[in-house]
Structure formats: structure tokens, C-alpha cells
>>> print(open('upload_6.csv').read())   # CSV, C-alpha atoms
chain,number,residue,atom,x,y,z
X,279,MET,CA,11.7,-14.4,-2.3
X,280,ILE,CA,10.5,-12.4,0.7
X,281,LYS,CA,11.6,-13.1,4.3
X,282,ARG,CA,10.8,-9.8,6.2
X,283,ILE,CA,7.5,-8.1,5.9
X,284,LEU,CA,6.7,-4.7,7.4
X,285,VAL,CA,3.0,-4.1,8.4
X,286,ALA,CA,1.9,-0.5,9.2
X,287,LEU,CA,-0.4,-0.7,12.2
X,288,SER,CA,-2.0,2.5,11.3
X,289,GLY,CA,-5.1,2.6,13.5
X,290,THR,CA,-7.3,3.1,10.4
X,291,PRO,CA,-10.2,0.9,9.1
X,292,CYS,CA,-7.6,-0.8,6.9
X,293,THR,CA,-5.4,-2.0,9.8
X,294,GLN,CA,-7.1,-5.4,10.3
X,295,SER,CA,-6.9,-6.1,6.6
X,296,ALA,CA,-3.2,-5.2,6.5
X,297,ILE,CA,-2.6,-7.6,9.4
X,298,ALA,CA,-4.5,-10.4,7.6
X,299,HIS,CA,-2.6,-9.9,4.4
X,300,GLY,CA,0.7,-9.8,6.2
X,301,VAL,CA,0.0,-13.0,8.2
X,302,GLU,CA,-1.1,-14.8,5.1
X,303,LEU,CA,2.0,-13.9,3.2
X,304,ALA,CA,4.3,-14.6,6.2
X,305,LYS,CA,2.8,-18.1,6.4
X,306,GLN,CA,3.2,-18.7,2.7
X,307,HIS,CA,6.9,-17.7,2.7
X,308,ASN,CA,7.9,-18.6,6.2
X,309,ALA,CA,8.7,-14.9,6.7
X,310,GLU,CA,9.0,-12.7,9.7
X,311,LEU,CA,6.4,-10.0,10.3
X,312,THR,CA,7.3,-6.6,11.8
X,313,GLY,CA,4.4,-4.5,13.0
X,314,VAL,CA,5.2,-0.8,13.2
X,315,THR,CA,3.4,1.9,15.0
X,316,VAL,CA,4.3,5.6,14.7
X,317,ILE,CA,3.1,8.3,17.1
X,318,ASP,CA,3.9,11.9,16.0
X,319,PRO,CA,3.6,14.2,19.0
X,320,ASN,CA,3.8,17.4,16.9
X,321,ARG,CA,0.8,16.5,14.8
X,322,LEU,CA,-1.2,15.2,17.8
X,323,GLN,CA,-0.5,18.2,19.9
X,324,ASP,CA,-1.3,20.7,17.1
X,325,VAL,CA,-4.9,21.6,18.0
X,326,GLY,CA,-5.0,24.7,15.8
X,327,PRO,CA,-5.2,28.4,16.7
X,328,ILE,CA,-5.6,29.0,20.5
X,329,PRO,CA,-7.9,31.8,21.5
X,330,ILE,CA,-7.0,34.2,24.3
X,331,GLY,CA,-7.5,32.4,27.6
X,332,GLY,CA,-7.7,29.0,25.9
X,333,ALA,CA,-4.2,27.7,26.6
X,334,ALA,CA,-5.4,25.3,29.4
X,335,ALA,CA,-8.2,23.9,27.3
X,336,ALA,CA,-5.8,23.4,24.4
X,337,HIS,CA,-3.3,21.6,26.6
X,338,GLU,CA,-6.0,19.4,27.9
X,339,LEU,CA,-7.1,18.5,24.3
X,340,ALA,CA,-3.6,17.8,23.2
X,341,GLU,CA,-3.1,15.5,26.2
X,342,HIS,CA,-6.4,13.7,25.4
X,343,ARG,CA,-5.3,13.2,21.8
X,344,MET,CA,-2.0,11.7,22.9
X,345,GLN,CA,-3.8,9.4,25.4
X,346,LEU,CA,-6.3,8.3,22.8
X,347,ALA,CA,-3.6,7.6,20.2
X,348,SER,CA,-1.7,5.5,22.8
X,349,GLU,CA,-4.7,3.5,23.6
X,350,HIS,CA,-5.4,2.8,19.9
X,351,ILE,CA,-1.8,1.9,19.3
X,352,GLU,CA,-2.0,-0.7,22.0
X,353,GLU,CA,-5.2,-2.0,20.5
X,354,SER,CA,-3.6,-2.4,17.1
X,355,ILE,CA,-0.6,-4.1,18.6
X,356,GLY,CA,-2.9,-6.5,20.5
X,357,GLN,CA,-4.7,-7.4,17.2
X,358,PHE,CA,-1.4,-7.9,15.4
X,359,GLU,CA,0.2,-10.1,18.1
X,360,LYS,CA,-2.9,-12.2,18.4
X,361,ALA,CA,-3.2,-12.8,14.7
X,362,CYS,CA,0.5,-13.7,14.5
X,363,GLY,CA,0.3,-16.0,17.5
X,364,ASP,CA,-2.8,-17.8,16.2
X,365,ALA,CA,-1.1,-18.4,12.9
X,366,GLY,CA,2.3,-19.4,14.4
X,367,VAL,CA,4.1,-16.5,12.6
X,368,THR,CA,7.3,-15.1,14.0
X,369,SER,CA,6.7,-11.4,14.7
X,370,ARG,CA,8.1,-8.3,16.5
X,371,ILE,CA,6.9,-4.8,17.2
X,372,LEU,CA,8.5,-1.4,16.4
X,373,LYS,CA,7.1,1.5,18.3
X,374,GLU,CA,8.3,4.6,16.6
X,375,THR,CA,8.0,8.3,17.6
X,376,GLY,CA,8.4,11.2,15.1
X,377,ASP,CA,7.4,12.1,11.6
X,378,SER,CA,5.2,9.3,10.3
X,379,ALA,CA,6.6,9.2,6.7
X,380,GLU,CA,10.2,9.5,7.8
X,381,ARG,CA,9.9,6.7,10.4
X,382,LEU,CA,8.1,4.3,8.1
X,383,LEU,CA,10.7,4.9,5.3
X,384,ALA,CA,13.6,4.3,7.8
X,385,ASP,CA,12.1,0.9,8.8
X,386,TRP,CA,11.2,0.0,5.2
X,387,ARG,CA,15.0,-0.2,4.4
X,388,TYR,CA,15.3,-3.5,6.1
X,389,HIS,CA,12.2,-5.3,4.8
X,390,ASP,CA,11.3,-7.0,1.5
X,391,LEU,CA,7.7,-5.8,1.4
X,392,THR,CA,5.6,-3.2,3.2
X,393,VAL,CA,1.9,-3.6,3.7
X,394,ILE,CA,-0.2,-0.4,4.4
X,395,GLY,CA,-3.8,0.7,4.1
X,396,LEU,CA,-4.9,2.3,0.9
X,397,ARG,CA,-6.0,5.5,2.6
X,398,GLY,CA,-4.9,7.0,5.9
X,399,LEU,CA,-1.8,6.3,7.8
X,400,PHE,CA,-1.0,6.3,11.5
X,401,GLU,CA,-4.2,8.2,12.5
X,402,TYR,CA,-5.3,6.1,15.5
X,403,GLY,CA,-8.8,7.6,15.6
X,404,VAL,CA,-7.3,11.1,16.2
X,405,LEU,CA,-6.1,12.5,12.9
X,406,HIS,CA,-8.6,12.5,10.1
X,407,ASP,CA,-6.9,14.8,7.5
X,408,HIS,CA,-3.5,13.2,6.9
X,409,GLY,CA,-4.4,10.6,4.2
X,410,HIS,CA,-1.8,12.3,2.0
X,411,LEU,CA,0.9,10.5,4.1
X,412,VAL,CA,0.2,7.4,2.0
X,413,LEU,CA,1.0,9.3,-1.1
X,414,ASP,CA,4.0,10.9,0.6
X,415,VAL,CA,5.8,7.6,1.4
X,416,ILE,CA,5.1,6.2,-2.0
X,417,GLY,CA,6.3,9.3,-3.7
X,418,ALA,CA,9.5,9.2,-1.5
X,419,GLY,CA,10.3,5.8,-3.0
X,420,LEU,CA,8.8,3.1,-0.6
X,421,ARG,CA,8.6,0.1,-2.8
X,422,PRO,CA,7.6,-2.7,-3.2
X,423,LEU,CA,4.3,-1.9,-1.5
X,424,LEU,CA,1.1,-3.7,-1.0
X,425,ALA,CA,-1.7,-1.2,-0.3
X,426,VAL,CA,-4.8,-2.9,1.0
X,427,SER,CA,-8.5,-2.0,1.3
X,428,GLU,CA,-10.7,-2.1,4.4
X,429,ALA,CA,-12.3,-5.5,3.5
X,430,TYR,CA,-9.9,-8.4,3.5
X,431,ARG,CA,-10.1,-10.6,0.4
X,432,PRO,CA,-7.8,-13.4,-0.6
X,433,ILE,CA,-5.6,-12.5,-3.6
X,434,GLN,CA,-6.3,-15.2,-6.2
X,435,SER,CA,-6.1,-13.2,-9.5
X,436,ALA,CA,-4.4,-10.0,-10.7
X,437,MET,CA,-4.4,-7.4,-13.4
X,438,VAL,CA,-1.2,-5.9,-14.6
X,439,ALA,CA,-1.5,-2.3,-16.0
X,440,TYR,CA,1.1,-2.2,-18.8
X,441,ASP,CA,2.1,0.5,-21.3
X,442,GLY,CA,5.6,-0.7,-22.2
X,443,SER,CA,7.3,2.0,-20.2
X,444,PRO,CA,10.3,1.0,-18.0
X,445,LEU,CA,8.2,1.9,-15.0
X,446,ALA,CA,5.4,-0.5,-15.9
X,447,ALA,CA,8.0,-3.2,-16.8
X,448,ARG,CA,9.7,-2.9,-13.5
X,449,ALA,CA,6.4,-3.3,-11.6
X,450,MET,CA,5.5,-6.4,-13.7
X,451,LYS,CA,8.9,-7.9,-13.2
X,452,ALA,CA,8.9,-7.3,-9.5
X,453,PHE,CA,5.5,-9.0,-9.3
X,454,CYS,CA,7.0,-12.1,-10.9
X,455,MET,CA,10.5,-12.2,-9.6
X,456,LEU,CA,9.7,-11.5,-6.0
X,457,ASP,CA,7.5,-14.6,-6.1
X,458,ILE,CA,5.1,-13.1,-3.5
X,459,TRP,CA,2.0,-14.9,-4.8
X,460,ASN,CA,1.6,-18.3,-6.2
X,461,PRO,CA,1.1,-18.4,-10.0
X,462,MET,CA,-2.5,-17.4,-10.6
X,463,PRO,CA,-4.7,-16.0,-13.4
X,464,VAL,CA,-3.4,-12.6,-14.6
X,465,THR,CA,-4.9,-10.1,-17.0
X,466,VAL,CA,-2.4,-7.9,-18.7
X,467,ALA,CA,-4.2,-4.7,-19.7
X,468,CYS,CA,-2.9,-2.1,-22.2
X,469,PHE,CA,-4.7,1.1,-22.9
X,470,LYS,CA,-4.8,1.6,-26.7
X,471,GLY,CA,-5.3,5.4,-26.5
X,472,HIS,CA,-2.1,5.6,-24.5
X,473,ASN,CA,0.0,3.5,-26.8
X,474,GLU,CA,-0.5,2.6,-30.5
X,475,GLU,CA,1.6,-0.6,-30.2
X,476,ALA,CA,-0.9,-2.2,-27.8
X,477,ASP,CA,-1.1,-5.5,-29.6
X,478,THR,CA,2.7,-6.1,-29.6
X,479,LEU,CA,3.1,-4.9,-26.0
X,480,LEU,CA,0.4,-7.2,-24.8
X,481,SER,CA,1.9,-10.2,-26.6
X,482,ASP,CA,5.3,-9.6,-25.2
X,483,ALA,CA,4.1,-8.9,-21.6
X,484,ALA,CA,1.8,-12.0,-21.7
X,485,ALA,CA,4.8,-14.2,-22.8
X,486,TYR,CA,6.9,-12.8,-20.0
X,487,LEU,CA,4.2,-13.5,-17.4
X,488,GLU,CA,3.6,-17.0,-18.8
X,489,SER,CA,7.3,-17.8,-18.5
X,490,HIS,CA,6.8,-17.3,-14.7
X,491,ALA,CA,3.9,-19.7,-14.8
X,492,PHE,CA,1.1,-17.2,-14.6
X,493,ALA,CA,-2.0,-18.1,-16.7
X,494,THR,CA,-2.4,-14.9,-18.7
X,495,THR,CA,-5.2,-13.3,-20.7
X,496,LYS,CA,-4.9,-10.0,-22.7
X,497,LYS,CA,-7.1,-7.0,-22.7
X,498,ILE,CA,-6.9,-3.9,-24.9
X,499,ILE,CA,-8.8,-0.9,-23.4
X,500,GLU,CA,-9.9,2.0,-25.6
X,501,GLU,CA,-10.4,4.5,-22.8
X,502,LYS,CA,-7.8,6.5,-21.0
X,503,PRO,CA,-6.2,4.7,-18.0
X,504,ARG,CA,-7.3,7.0,-15.3
X,505,THR,CA,-10.9,6.6,-16.1
X,506,ALA,CA,-11.0,2.9,-17.0
X,507,ILE,CA,-8.4,1.1,-14.8
X,508,LEU,CA,-10.6,0.3,-11.9
X,509,GLU,CA,-13.6,-0.5,-14.0
X,510,THR,CA,-11.5,-2.9,-16.1
X,511,MET,CA,-10.2,-4.5,-12.9
X,512,ASP,CA,-13.7,-5.2,-11.7
X,513,GLU,CA,-14.8,-6.5,-15.1
X,514,ARG,CA,-11.9,-9.0,-15.1
X,515,GLU,CA,-12.7,-10.0,-11.5
X,516,ALA,CA,-9.1,-9.3,-10.5
X,517,ASP,CA,-8.3,-9.2,-6.8
X,518,LEU,CA,-5.0,-7.3,-7.2
X,519,LEU,CA,-3.9,-4.4,-9.4
X,520,VAL,CA,-0.2,-4.4,-10.3
X,521,MET,CA,1.2,-1.0,-11.5
X,522,GLY,CA,4.1,1.3,-11.5
X,523,ALA,CA,4.0,4.5,-9.6
X,524,ALA,CA,6.1,7.3,-10.9
X,525,LYS,CA,7.9,9.9,-8.8
X,526,ARG,CA,8.3,13.3,-10.3
X,527,THR,CA,9.2,16.7,-8.9
X,528,ARG,CA,7.0,19.8,-9.4
X,529,LEU,CA,7.8,22.9,-7.4
X,530,GLY,CA,9.8,20.7,-5.0
X,531,ARG,CA,7.0,18.3,-4.3
X,532,LYS,CA,7.1,14.6,-4.9
X,533,LEU,CA,4.1,13.5,-6.8
X,534,LEU,CA,2.6,10.3,-8.2
X,535,GLY,CA,1.5,9.8,-11.8
X,536,ASP,CA,-2.2,10.6,-12.2
X,537,THR,CA,-3.3,7.1,-12.8
X,538,ALA,CA,-1.6,5.7,-9.8
X,539,ARG,CA,-2.9,8.5,-7.6
X,540,PHE,CA,-6.5,7.9,-8.9
X,541,ALA,CA,-6.2,4.2,-8.2
X,542,LEU,CA,-4.9,4.7,-4.7
X,543,GLU,CA,-7.6,7.2,-3.8
X,544,ASN,CA,-10.5,5.2,-5.3
X,545,SER,CA,-9.7,1.5,-5.3
X,546,THR,CA,-11.6,-1.0,-3.1
X,547,LYS,CA,-9.1,-3.8,-3.8
X,548,PRO,CA,-5.4,-4.2,-3.0
X,549,ILE,CA,-2.7,-2.6,-5.2
X,550,PHE,CA,0.9,-3.8,-5.7
X,551,LEU,CA,3.2,-0.8,-6.5
X,552,HIS,CA,6.7,-0.7,-7.7
X,553,HIS,CA,8.9,1.8,-9.5
>>> encode(input="upload_6.csv", output="C-alpha cells")
Amino acid sequence: MIKRILVALSGTPCTQSAIAHGVELAKQHNAELTGVTVIDPNRLQDVGPIPIGGAAAAHELAEHRMQLASEHIEESIGQFEKACGDAGVTSRILKETGDSAERLLADWRYHDLTVIGLRGLFEYGVLHDHGHLVLDVIGAGLRPLLAVSEAYRPIQSAMVAYDGSPLAARAMKAFCMLDIWNPMPVTVACFKGHNEEADTLLSDAAAYLESHAFATTKKIIEEKPRTAILETMDEREADLLVMGAAKRTRLGRKLLGDTARFALENSTKPIFLHH
């Protein structure tokens, strides 16, 4: 059951899709929507190396970027409030200032689901090189998460990527137990090259999904997950990919598993992530 949904009003091409998905789920669950904007003055005012005599121009550019971001924030808020008002959805706005990932993580603590764009976060038409922030918040533990593409499409079917690991099992169980979507056709896909017990894993996973009223089909894939996961999703005509996203440390950095990272960077359909 979900009752509070956080929607990142990121000022990217995915923002309207995120709003539409948030409103749809809020109506379905009688949930409250929170739209969050984050403005990071440090990033916006970082205009790079300043040549001798260029301080005034750099200051002017920084001020312009702040103004542009503020305008786009208000535009995103307007879109969100109109969509919520038209749908009769209870909503509120959080206007945050500071580090984008930190502020989003702070607000996530008090919501059941977070909806963001697949690529790009809190750019507002100013920052075009900070798409890694999406990976940062996921790597930092923001779950469950619905990452959506630019083009809104109703979620009427899903594909669960499953390899028998605790990570994949938790994602599948969260998909079922949170009861976010009505029971719908689900393909459970297991990659044979990744696990020799694919047949058993598929049968067990399908039985679990069916116990939650999902109409389930099974698919064994011979290729490696990273290269085949999105192709298989298209082949099965799935609207949503359900997968686990591992967090691991390498030289002090929090990283995602290769398959989850590839999917996030290349998918044109929504992804439900859990860990």
C-alpha cells in the first residue's frame, strides 16, 4: 500500500511524464503527491575557470543561470499543480535548496515511492552534464523508485528480471507486496548464461507472482543480461521493467550493478527499482 508519493520536478524532458505517472498512481491509491524541486546554487554558479578581467561577466552568467533555473522551477510547479488539480489529487510542494542528491534523499525518507526521470535530475534547462545524479541517488539507497522515460505510457504489463539472488527476489517481492499496480500480465525472465538453474528459478518465481494474482509467462534468455534485457522487454511488449539495483563500493564510490546501470542509461520505458 502506498499513501505518499514523491515526484521529482526535475526540469528535464522526463518531468511531465513523471507528473503523469505520479498523478495516475495517486488517483489509483488515494495517495498524496509531493512535488519536490531542488536548486543547487553551488552548481549553478560554477561557470568554470574565469579569465583575468572576466569576473563581472562570470557573475552576470551565474546570476542568469540562477534566474533561468528559478523560472523553470516555477514552470514545473505550475505543471504539477495543474495536473493534480485537474485530477482532484491532494498535493503539496517542497522547494529545496542545496545538494540535489542529499535533498532528494532527505525527502524520500517520508514517502512510499519516488518517481524520477530516467536520465537527468534537477537541471532546469541550465545544467546538462549532471545525469549521474540519478545514479547517485539510486546508489545511495533511494528505493523503491520508479524511473520514467520522456514519453508517458500507461503501465499495463511488466517484465521481472530474475536470477534467484536476494537482490532480485526483494525487487520482485516489493513489486507484488507494495500493490502499486493492479494485477497485470508479467513476464519473468531468467538469463540462462547467468544461472544454470534457470528452469527451477522461473517456475518458483512464476508461482510467487501468480499467488499475487499476476498472470505470468516465463522466458529463458541465452544471452548475457546486459546485452539482452531491453531487447527482451521490447519483445515481450512489457511497459515496465522490474529489477534489483545493487550498491557496492569501489574506491569509496557507490556504484550500480552493470545491468541496472545499462538499463537506466538506455531504456525508453519505465523501470521499477528496489534493493
>>> atom_distance(input="upload_6.csv", atom1="atom CA of Phe400 of chain X", atom2="atom CA of Ile283 of chain X")
17.6 Å
>>> atom_distance(input="upload_6.csv", atom1="atom CA of Lys497 of chain X", atom2="atom CA of Thr478 of chain X")
12.0 Å
>>> atom_distance(input="upload_6.csv", atom1="atom CA of Glu374 of chain X", atom2="atom CA of Ala286 of chain X")
11.0 Å
>>> closest_atom_pairs(input="upload_6.csv", of="segment 293-369 of chain X", to="segment 413-435 of chain X", cutoff="12 Å", atoms="all atoms listed in the file", output="CSV")
residue,atom,partner,partner_atom,distance
X:Thr293,CA,X:Glu428,CA,7.6
X:Gln294,CA,X:Glu428,CA,7.7
X:Ser295,CA,X:Tyr430,CA,4.9
X:Ala296,CA,X:Val426,CA,6.2
X:Ile297,CA,X:Tyr430,CA,9.4
X:Ala298,CA,X:Tyr430,CA,7.1
X:His299,CA,X:Tyr430,CA,7.5
X:Gly300,CA,X:Leu424,CA,9.4
X:Val301,CA,X:Pro432,CA,11.8
X:Glu302,CA,X:Pro432,CA,8.9
X:Leu303,CA,X:Ile433,CA,10.3
>>> closest_residue(input="upload_6.csv", among="X:Cys468, X:Ile549, X:Leu396, X:Cys362", to="Ile499 of chain X", atoms="only C-alpha atoms")
X:Cys468
>>> residues_around(input="upload_6.csv", residues="segment 363-371 of chain X", least_positions_apart="6", cutoff="9 Å", atoms="only C-alpha atoms", output="list in words")
Val301, Glu302, Ala304, Lys305, Asn308, Ala309, Glu310, Leu311, Thr312, Gly313, Val314, Thr315 and Ile355 of chain X
>>> residues_around(input="upload_6.csv", residues="Ala483 of chain X", least_positions_apart="5", cutoff="9 Å", atoms="only C-alpha atoms", output="JSON, numbers by chain")
{"X": [440, 442, 447, 450, 466, 478, 488]}
>>> write_last_selection(input="upload_6.csv", atoms="C-alpha atoms", output="PDB file, keeping the file's coordinate frame")
ATOM      1  CA  TYR X 440       1.100  -2.200 -18.800  1.00  0.00           C
ATOM      2  CA  GLY X 442       5.600  -0.700 -22.200  1.00  0.00           C
ATOM      3  CA  ALA X 447       8.000  -3.200 -16.800  1.00  0.00           C
ATOM      4  CA  MET X 450       5.500  -6.400 -13.700  1.00  0.00           C
ATOM      5  CA  VAL X 466      -2.400  -7.900 -18.700  1.00  0.00           C
ATOM      6  CA  THR X 478       2.700  -6.100 -29.600  1.00  0.00           C
ATOM      7  CA  GLU X 488       3.600 -17.000 -18.800  1.00  0.00           C
TER       8      GLU X 488
END
>>> closest_residue(input="upload_6.csv", among="X:Val316, X:Ile458, X:Ala347, X:Ala361", to="Leu382 of chain X", atoms="all atoms listed in the file")
X:Val316
>>> closest_residue(input="upload_6.csv", among="X:Thr510, X:Ser481, X:Ser354, X:Ser489", to="Cys454 of chain X", atoms="all atoms listed in the file")
X:Ser489
